[in-house]
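Before any comments, here is the structure.
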Amino acid sequence: MVQLTQVLCKYMPKWVPRFRGSNKSFMRKQHLLSLCGHLYGRKRNCFRIARRALYRTFEISQDKRREKKVFFRDLFTQRINSACAEHDLQYKYFITILPQLNVELDRKILSSLAIWEPRTFKSLVELVKAKRCEEGIDEAARNATPPAGVITRGML
Amino acid sequence: MSNLTKFRRTQQWLTFARLWYLYDATYQDVFDSAIVIAQYLRGMNKPIYDHVRQDVGNHVVVINTSKVSMPVDEWKWRMYSHHSRYGGGQTWAAAHELHSKDPTIVLYKAVYKEVGSAPRAVNLIRSPTMARLHLFPDACIPPEIKANICDQIRQVQPVLKSLKDYSEEEVEKFPKIVDYPEDYVVK
């Protein structure tokens, strides 16, 4: 017989026989303590301390879920930044000019392209360089020679 | 045994290999070049950079550290402290004094600060990262280190020529605005 936790019992189908203890409050406490197994000292044994510690872990994990999004965005930005530097292009030009060319890829995809498909990424970089030369935004862009092999709309 | 082919295995070795970069510190700003060197030491120039799960850092060989430069009067005003751990044992030295004793230590301290600027209370990556920095006061590199170098880092500012670097002919050819009068006494 497989013993399921109370959480799993709750979401099992109705026809599965459920464990029904006579002492309801004891079982409720046991359920909470089962989630505190990873904590240190009396936080995992004593109910009153465990409840406080458990609610605190919930708060921390909620914060971390928010931070996770920022963390990964920063990591992807850093990876694209280094990949652009390999091709001698600044990140700010790359990320602003791509949507103007209707290339609507996000940072996650761009960074994975830089790692796994470096030649695809290089083609995107050359596209951006050609666009910069064509527009001539600043002096550096006007003096730069456009990369070979990129066909723009004016050429056709 | 893994299912990697020989090609894929070699590709992985090449991807995660530590590269050796050369940096010429002649007439370069200490603090600006420390930022760039720290990025290469931590592997931030690679698209696979990840500061939590893996260490993809490189080696950096810096030559001519005795010729580094600092902005305006920074050599005079920047103080470095040292504590001997006895009472009243704290001493201070200006940057130019420290540089005259050891021509590599000013750049070492600048890079040490930049490498440790990760948002961690105890930075465990710092000491192994700094062990990958090789500083030399002049252009002489030991052959075992020289054999590993595969690329170089772009300098942060152009190397300017001083008056000593020009030959006498070039100095004489340079167009004069005025001639000194005959009774003028040059100090």
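Here, A, B, ... name the chains of the structure tokens in the order displayed, residue numbers run from 1 inside each chain, and ligands are numbered from 1 in the same displayed order.
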
What residues in chain A have any atom no more than 6 Å from chain B when counting only C-alpha atoms, and can you write them as a short mmCIF file (atom, residue, chain, number, x, y, z; two decimals) with N, CA and C atoms, in the first residue's frame?
```cif
data_model
loop_
_atom_site.label_atom_id
_atom_site.label_comp_id
_atom_site.auth_asym_id
_atom_site.auth_seq_id
_atom_site.Cartn_x
_atom_site.Cartn_y
_atom_site.Cartn_z
N ARG A 79 24.85 38.01 -22.04
CA ARG A 79 25.29 37.08 -23.08
C ARG A 79 25.21 37.71 -24.46
N SER A 82 28.10 40.24 -24.86
CA SER A 82 29.41 39.65 -25.17
C SER A 82 29.43 39.11 -26.60
N ALA A 83 28.28 38.59 -27.05
CA ALA A 83 28.23 38.06 -28.42
C ALA A 83 28.32 39.20 -29.44
N ILE A 115 24.69 31.25 -28.61
CA ILE A 115 25.44 30.10 -28.10
C ILE A 115 25.39 28.94 -29.10
#
```

Just list as a PyMOL selection string whatever in range 106-182 of chain B DSSP marks as strand (DSSP E). chain B and resi 133-135+151-152

Spatial neighbours of range 147-151 of chain B, 8 Å, only C-alpha atoms, chain gap at least 2 places, as a short mmCIF file (atom, residue, chain, number, x, y, z; two decimals) with C-alpha atoms, in the first residue's frame:
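To be explicit, this is the file written out as out_15.cif:
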```cif
data_model
loop_
_atom_site.label_atom_id
_atom_site.label_comp_id
_atom_site.auth_asym_id
_atom_site.auth_seq_id
_atom_site.Cartn_x
_atom_site.Cartn_y
_atom_site.Cartn_z
CA LEU B 19 41.96 31.05 -23.44
CA TRP B 20 45.10 33.08 -22.81
CA TYR B 21 44.88 36.77 -23.68
CA LEU B 22 47.69 39.32 -23.91
CA PRO B 143 58.46 30.99 -22.58
CA GLU B 144 56.06 28.53 -20.89
CA ILE B 145 53.49 31.33 -20.56
CA ILE B 153 42.77 42.40 -25.73
#
```

Measure the distance from CA of Asn81 in chain A to CA of Pro146 in chain A in Å and round it to one decimal. 21.1 Å

Find the spatial neighbours of Asn102 in chain A, counting only C-alpha atoms, within a cut-off of 12 Å - ignore same-chain residues fewer than 5 positions away - and output them as a list in words. Ile95, Thr96, Ile97, Leu124, Leu127 and Val128 of chain A

Close residues, range 61-72 of chain B itself excluded, 9 Å, only C-alpha atoms, min 5 positions apart in chain, as a PyMOL selection string: chain B and resi 20-31+37+99-100+102-107+132-141+145-146+149
